[in-house]
Amino acid sequence: MKKILIALFVAGSTSALAGGFQLNVQSARGMGMGGAYSGYCIGTESVFFNPGGMTNLKGHNFTIGGSLIMPLVSLQTPMTDNINQTSPMATPIHFYYGGQILDNLFVGLGINNQFGSSSSFENDWEGRFIVQNISLKTFTFQPTVAYKIHDYISVGAGFVLTTGSFAYEKAVPVGSASTDYGKAKLTGSGISYGFNAGIFSTIIDNDKMKLTFGASYRSGQALNLEDGLAEFTDIPPSLVGTFPTSTSFTGKLNLPSVISTGISYQYKFNENNSLTVLYDFNYTGWSTYDTLAFDFDNTDTPDSKTTKAWANSPTHRFGIEYALNEMFFFRAGGYYDITPIQDGFVSPELPDQTQFVPTFGFGMQIGDHFAFDLAWFHQDTERESDLTDAGFTAKYHRIADGITFSTTIKF
Amino acid sequence: MKNTGLILIGIALVSSSCRKVEFEEVERTYGDADFSRYISVGNSLTQGYQDGGVYKEGQEDSYPAIIARQMQIVDPNMDDFEQPEVYGNGSGYMHLEYINGEIEVISPGDLTNEPTEEDASWANWGASMKSIKYNNLGISGITLMQCVAINDDELEINNAILGGFSITIPFVIDTTIPGNPFARFMDFGGNPNFLLGGGTPIQYVDHIEQSNATFFTSWLGDNDVLGYATSGGIPVEIDGTLLGLGVIQYGNLSDPIVFRQKYDSVLTAFSSIGAEGVCATIPDVTVIPYFNTFTVGGIKEDYGYADVWIEEGDGNGGVTQVRIASDADLILLTAKDDIEAGAGSSETNPLSNGRVLDQGEVNACRSRTIELNNAIKSSAAMFNYPVVDMYGFLDKIKPGIMMEGIGISPEYIGGGAFSLDGVHLNPRGYAIAANEFIKVINEAYGSNIPLASIGSYRGVVFP
């Protein structure tokens, strides 16, 4: 009969949220043109892309829209030929208001889902000790003002408030005679603050052409999960002290900053018939997302800390828009997104990869008061990498299609 | 807005048609290898011994059984992998209980708790199995020295150690050498000793020759260090006077030159029947939980000892001196009860030689392991068999590593891969070992046996 002290070695396998959980579907108009919008700014979505560009609006404009994102992710591991994620479809929404209240003063409001990800796997899948289900949902609110300094230059800024909720489930490698493994479920929510500021300049605007430029900076945000709840189930009775039925935890999720600069050039065939080409450069400060740590109030529960070691990543965005007449707009574009996730840090829930994403869009202006926009993007990537900290290796194939639509009412 | 809906559905349909994301089934191949009859040779690790015994549930997940399970995916026509099956609790084993807020290890024979005692079938286990040709030839406790003899004396000794014998002449002699209980499924013939009529012995290596193996794994040699280490550097003795051999001492560190010779004999046996295979090296046994659960510092802290006193062994059962232990001396897991009774607290009450692998003995084990591994490697190279570097692998998991999101380390109970005896692996640990074999097999023979998912094999069973 021997008494044994146990320090369980269960550290560090939580690689909670992986790559590209920044959603690129903040506007149907923008999406159709590869999201190259910070130097264009003709609609309400300027609130998000570049508050300085809001000054191009006339009257009061309301846009409401949403997206369907349909991800398919399959994995191949050294053990299993094919594993499918069972992730649900995502349905982010966006709402923008922008209006002119004085000659030079404009106000706006944006509400959208800028960050989010949801991944799930079948029960008992071989990576369950890394992740079973995970989701992050955020809502961002951004009241904004813009000021037209003169015809050629405007500035704008908004206060950003983000609410986030987070849920993460995984298996805990402790079994008993009646259970193969335990389960952990972490849920938490929090609020973060930041700002979004931009400058917009119309360099040339005449009968033949229009050249505009914009730059914006969306600050990073620290989403503190202050009062998270960790629940452990199917834990052997002898380990309930380590993995209690419930305990609270704190955690922090850093949402990255984004610097954008963009330029647009429009050639006018006539008043209502034009071709516009756009280019945007984004730089996303993912390196703030260096570690993801959960501190449990229950002292015996091993705290969890995951090194993400993400790199700041540039994105190049291109788009063209052809205005056939005052009613129909055809758009195409794409973006080249360099993944922030380095080899050795790819996690099964969201295997991001450097990729070119083609986009297409269509817009319809019906009279002066009503507009409808639609856009589509397609992602198809493969990647093979370790998640070194978890001792997990897989080949990934991810396809995601997104459809974004919006309607705008102006009066 | 009606049209909008139609457009969306249209786009969704178009895009879903080119949305095949699944990976194709991998075409499996056995490459240049012939897995049709896979034979495993080795000791307790190979037999699936864990938690201080061989029992049914543990044996089912011996590492050779796991390898065979995975092999079958690339060669569905291979022979079923037959193990000398034990029933129920088999030889009895340790398990954990949660008593008064503490996790306790309950061993067979425990009087106050409910031990997992040996199965009723164990006493006669093996008697009816001797004619069956099993695939798993692992025998707990066997050393490479016992696999093949280099002279007649050794032939008799090995035969007695493995097969045992008894002689009864009423009123004159009544002696039994019990043999190795875990070897009872194997026929070792008669003891060649002329006094007893000179039976015809069958050696372990003979069984290899008669195994019809087309493929093998060999993880022999561990006990050529481990036996010495787990006894705290004291050789095991059995009385062989009756055989005219005096007191037989075994469990010493095996001699590297003889070891090499014998490893060659084993591989000759396999190569003579045309078998392909792989050989595994001996891990650094001083890394296992058996030697690292009670540390000198830990004992001072937990039991309030100013110093820990130990007997230093001469490596041959004798004691050279009593001295204060340092961190370089390893206290065995089996010392727990002695420590709780106060042993080691003073010069007059030291921890006995058999409870300590002292620094000299540790060094002897480590350097001998390296010598024996060199012998394994050069022998394997001579026969062109690839080598699984188990020595390097255990070294790699020593600081703790993550596999499939599961933490694995050599820590006792909490480390997840070692069984409760602190020496042998549990099913998850055996799956990890099996994967090391599979990786080498695939690389050397061009097969693509999928790895076993270690998460689907159980770790420690917590109460």
# chains A, B, ... in the order shown; residues from 1 in each chain; ligands from 1
$ residues_around --residues "A:Lys183" --least-positions-apart "3" --cutoff "7 Å" --atoms "only C-alpha atoms" --output "number ranges by chain"
A: 170-172, 232-234
$ write_last_selection --atoms "N, CA and C atoms" --output "tab-separated table (two decimals), in the first residue's frame"
chain	number	residue	atom	x	y	z
A	170	LYS	N	-12.59	20.55	-24.92
A	170	LYS	CA	-11.56	19.57	-25.29
A	170	LYS	C	-11.59	18.41	-24.32
A	171	ALA	N	-10.90	17.35	-24.70
A	171	ALA	CA	-10.81	16.19	-23.82
A	171	ALA	C	-9.62	16.36	-22.88
A	172	VAL	N	-9.75	15.82	-21.69
A	172	VAL	CA	-8.68	15.84	-20.70
A	172	VAL	C	-8.17	14.41	-20.54
A	232	PHE	N	-15.58	20.81	-15.72
A	232	PHE	CA	-14.94	19.52	-16.03
A	232	PHE	C	-15.94	18.41	-15.76
A	233	THR	N	-16.05	17.52	-16.72
A	233	THR	CA	-16.96	16.39	-16.54
A	233	THR	C	-16.21	15.09	-16.85
A	234	ASP	N	-16.80	13.98	-16.41
A	234	ASP	CA	-16.21	12.64	-16.60
A	234	ASP	C	-14.80	12.55	-16.02
$ interface_residues --of "chain B" --to "chain A" --cutoff "8 Å" --atoms "only C-alpha atoms" --output "MDAnalysis selection string"
chainID B and resid 8 15 19 21:26 98 101:107 110 336:337 400:409 412:416 450:453 455:456 458:463
$ select_by_dssp --residues "stretch 42-271 of chain A" --states "strand (DSSP E)" --output "MDAnalysis selection string"
chainID A and resid 60:76 83:84 93:100 105:112 116:120 133:150 153:172 175:176 182:205 209:218 221:233 246:255 258:270
$ write_last_selection --atoms "C-alpha atoms" --output "compact mmCIF listing (two decimals), in the first residue's frame"
# COMPACT_ATOMS: atom_id res chain seq x y z
CA HIS A 60 -28.58 59.53 -44.50
CA ASN A 61 -27.54 56.02 -45.46
CA PHE A 62 -28.36 52.75 -43.82
CA THR A 63 -26.83 49.45 -44.86
CA ILE A 64 -27.77 46.11 -43.50
CA GLY A 65 -26.19 42.92 -44.64
CA GLY A 66 -25.04 39.49 -43.82
CA SER A 67 -22.93 36.63 -45.01
CA LEU A 68 -23.00 32.93 -45.27
CA ILE A 69 -19.57 31.36 -44.85
CA MET A 70 -19.45 27.69 -45.60
CA PRO A 71 -16.17 26.14 -44.49
CA LEU A 72 -15.13 22.61 -45.27
CA VAL A 73 -12.00 21.34 -43.61
CA SER A 74 -10.47 17.90 -43.91
CA LEU A 75 -7.39 16.52 -42.25
CA GLN A 76 -5.10 13.64 -42.90
CA ILE A 83 -11.06 13.37 -40.93
CA ASN A 84 -13.73 15.96 -41.62
CA ILE A 93 -23.82 40.35 -40.10
CA HIS A 94 -23.07 44.01 -40.62
CA PHE A 95 -24.94 47.23 -40.18
CA TYR A 96 -23.71 50.70 -41.06
CA TYR A 97 -25.15 54.12 -40.85
CA GLY A 98 -23.45 57.16 -42.26
CA GLY A 99 -24.92 60.60 -42.66
CA GLN A 100 -24.11 64.21 -43.17
CA LEU A 105 -19.42 67.03 -40.36
CA PHE A 106 -20.52 63.47 -40.77
CA VAL A 107 -21.56 60.86 -38.24
CA GLY A 108 -21.74 57.12 -38.50
CA LEU A 109 -22.28 53.89 -36.67
CA GLY A 110 -20.99 50.45 -37.46
CA ILE A 111 -22.04 47.17 -35.96
CA ASN A 112 -20.40 44.05 -37.29
CA GLY A 116 -15.09 34.97 -35.26
CA SER A 117 -14.46 31.35 -35.76
CA SER A 118 -16.24 28.19 -34.98
CA SER A 119 -14.86 24.72 -35.44
CA SER A 120 -16.01 21.37 -34.25
CA ASN A 133 -15.27 22.35 -30.28
CA ILE A 134 -14.24 25.96 -30.26
CA SER A 135 -15.95 29.18 -31.06
CA LEU A 136 -15.33 32.86 -30.76
CA LYS A 137 -18.05 35.35 -31.53
CA THR A 138 -17.55 39.08 -31.42
CA PHE A 139 -19.79 42.04 -31.97
CA THR A 140 -18.15 45.38 -32.59
CA PHE A 141 -19.91 48.71 -32.14
CA GLN A 142 -18.31 51.78 -33.58
CA PRO A 143 -19.82 55.26 -33.31
CA THR A 144 -17.85 57.46 -35.66
CA VAL A 145 -17.42 61.07 -36.75
CA ALA A 146 -15.73 62.42 -39.85
CA TYR A 147 -14.73 65.91 -40.79
CA LYS A 148 -14.11 67.27 -44.23
CA ILE A 149 -11.19 69.63 -43.89
CA HIS A 150 -11.64 70.78 -47.47
CA ILE A 153 -8.95 65.90 -47.53
CA SER A 154 -11.06 64.40 -44.75
CA VAL A 155 -10.39 62.72 -41.47
CA GLY A 156 -12.52 60.48 -39.33
CA ALA A 157 -12.36 58.49 -36.15
CA GLY A 158 -14.51 56.10 -34.22
CA PHE A 159 -14.59 54.61 -30.78
CA VAL A 160 -14.59 50.84 -30.95
CA LEU A 161 -16.28 48.63 -28.43
CA THR A 162 -16.17 44.89 -28.92
CA THR A 163 -18.04 42.26 -26.97
CA GLY A 164 -16.73 38.76 -27.32
CA SER A 165 -17.87 35.38 -26.20
CA PHE A 166 -15.70 32.37 -26.26
CA ALA A 167 -16.38 28.67 -25.83
CA TYR A 168 -13.86 25.89 -25.95
CA GLU A 169 -14.24 22.21 -25.34
CA LYS A 170 -11.56 19.57 -25.29
CA ALA A 171 -10.81 16.19 -23.82
CA VAL A 172 -8.68 15.84 -20.70
CA GLY A 175 -9.47 8.08 -17.55
CA SER A 176 -11.00 5.71 -15.05
CA GLY A 182 -12.50 13.64 -19.06
CA LYS A 183 -13.87 16.72 -20.69
CA ALA A 184 -13.20 20.39 -20.16
CA LYS A 185 -15.50 23.16 -21.25
CA LEU A 186 -14.39 26.75 -20.96
CA THR A 187 -16.81 29.57 -21.59
CA GLY A 188 -16.21 33.23 -21.09
CA SER A 189 -17.04 36.64 -22.36
CA GLY A 190 -15.57 40.07 -22.20
CA ILE A 191 -15.47 43.56 -23.58
CA SER A 192 -12.63 45.37 -25.23
CA TYR A 193 -12.07 48.89 -26.47
CA GLY A 194 -10.14 50.52 -29.20
CA PHE A 195 -10.42 53.03 -31.95
CA ASN A 196 -10.55 53.27 -35.69
CA ALA A 197 -9.17 56.36 -37.40
CA GLY A 198 -8.54 57.25 -40.99
CA ILE A 199 -7.69 59.90 -43.50
CA PHE A 200 -9.08 60.17 -46.99
CA SER A 201 -7.97 62.28 -49.87
CA THR A 202 -9.47 62.99 -53.26
CA ILE A 203 -6.42 63.88 -55.29
CA ILE A 204 -7.99 64.28 -58.70
CA ASP A 205 -11.66 64.46 -59.60
CA MET A 209 -10.98 60.49 -63.96
CA LYS A 210 -10.92 60.31 -60.24
CA LEU A 211 -7.96 59.41 -58.05
CA THR A 212 -8.40 58.87 -54.35
CA PHE A 213 -6.24 57.74 -51.51
CA GLY A 214 -6.97 56.57 -47.99
CA ALA A 215 -5.25 55.26 -44.92
CA SER A 216 -6.66 53.93 -41.71
CA TYR A 217 -5.61 52.38 -38.48
CA ARG A 218 -7.74 50.10 -36.39
CA GLN A 221 -7.88 45.32 -28.55
CA ALA A 222 -7.43 43.20 -25.48
CA LEU A 223 -10.49 41.10 -24.85
CA ASN A 224 -10.33 40.15 -21.19
CA LEU A 225 -12.28 37.09 -20.23
CA GLU A 226 -12.73 38.19 -16.64
CA ASP A 227 -15.08 35.70 -15.20
CA GLY A 228 -14.83 32.64 -17.36
CA LEU A 229 -16.35 29.39 -16.29
CA ALA A 230 -14.46 26.13 -16.61
CA GLU A 231 -16.45 22.96 -16.22
CA PHE A 232 -14.94 19.52 -16.03
CA THR A 233 -16.96 16.39 -16.54
CA SER A 246 -16.59 23.99 -12.05
CA THR A 247 -14.08 26.72 -11.40
CA SER A 248 -13.66 30.19 -12.74
CA PHE A 249 -10.81 31.35 -14.89
CA THR A 250 -9.43 34.48 -16.41
CA GLY A 251 -7.95 34.78 -19.83
CA LYS A 252 -7.04 37.33 -22.40
CA LEU A 253 -7.42 37.36 -26.12
CA ASN A 254 -5.59 40.00 -28.09
CA LEU A 255 -7.40 41.13 -31.20
CA VAL A 258 -4.81 46.61 -38.76
CA ILE A 259 -3.07 49.33 -40.77
CA SER A 260 -4.54 49.93 -44.22
CA THR A 261 -3.54 52.15 -47.08
CA GLY A 262 -5.42 52.16 -50.31
CA ILE A 263 -5.65 53.88 -53.62
CA SER A 264 -8.32 53.97 -56.30
CA TYR A 265 -8.31 55.20 -59.84
CA GLN A 266 -11.48 55.64 -61.80
CA TYR A 267 -11.65 56.18 -65.52
CA LYS A 268 -14.92 57.68 -66.65
CA PHE A 269 -16.18 56.74 -70.10
CA ASN A 270 -19.10 59.03 -69.46
$ atom_distance --atom1 "atom CA of B:Pro350" --atom2 "atom CA of B:Val322"
7.1 Å
$ select_by_dssp --residues "stretch 52-150 of chain B" --states "helix (DSSP H, G or I)" --output "MDAnalysis selection string"
chainID B and resid 56:60 63:74 120:124 144:146
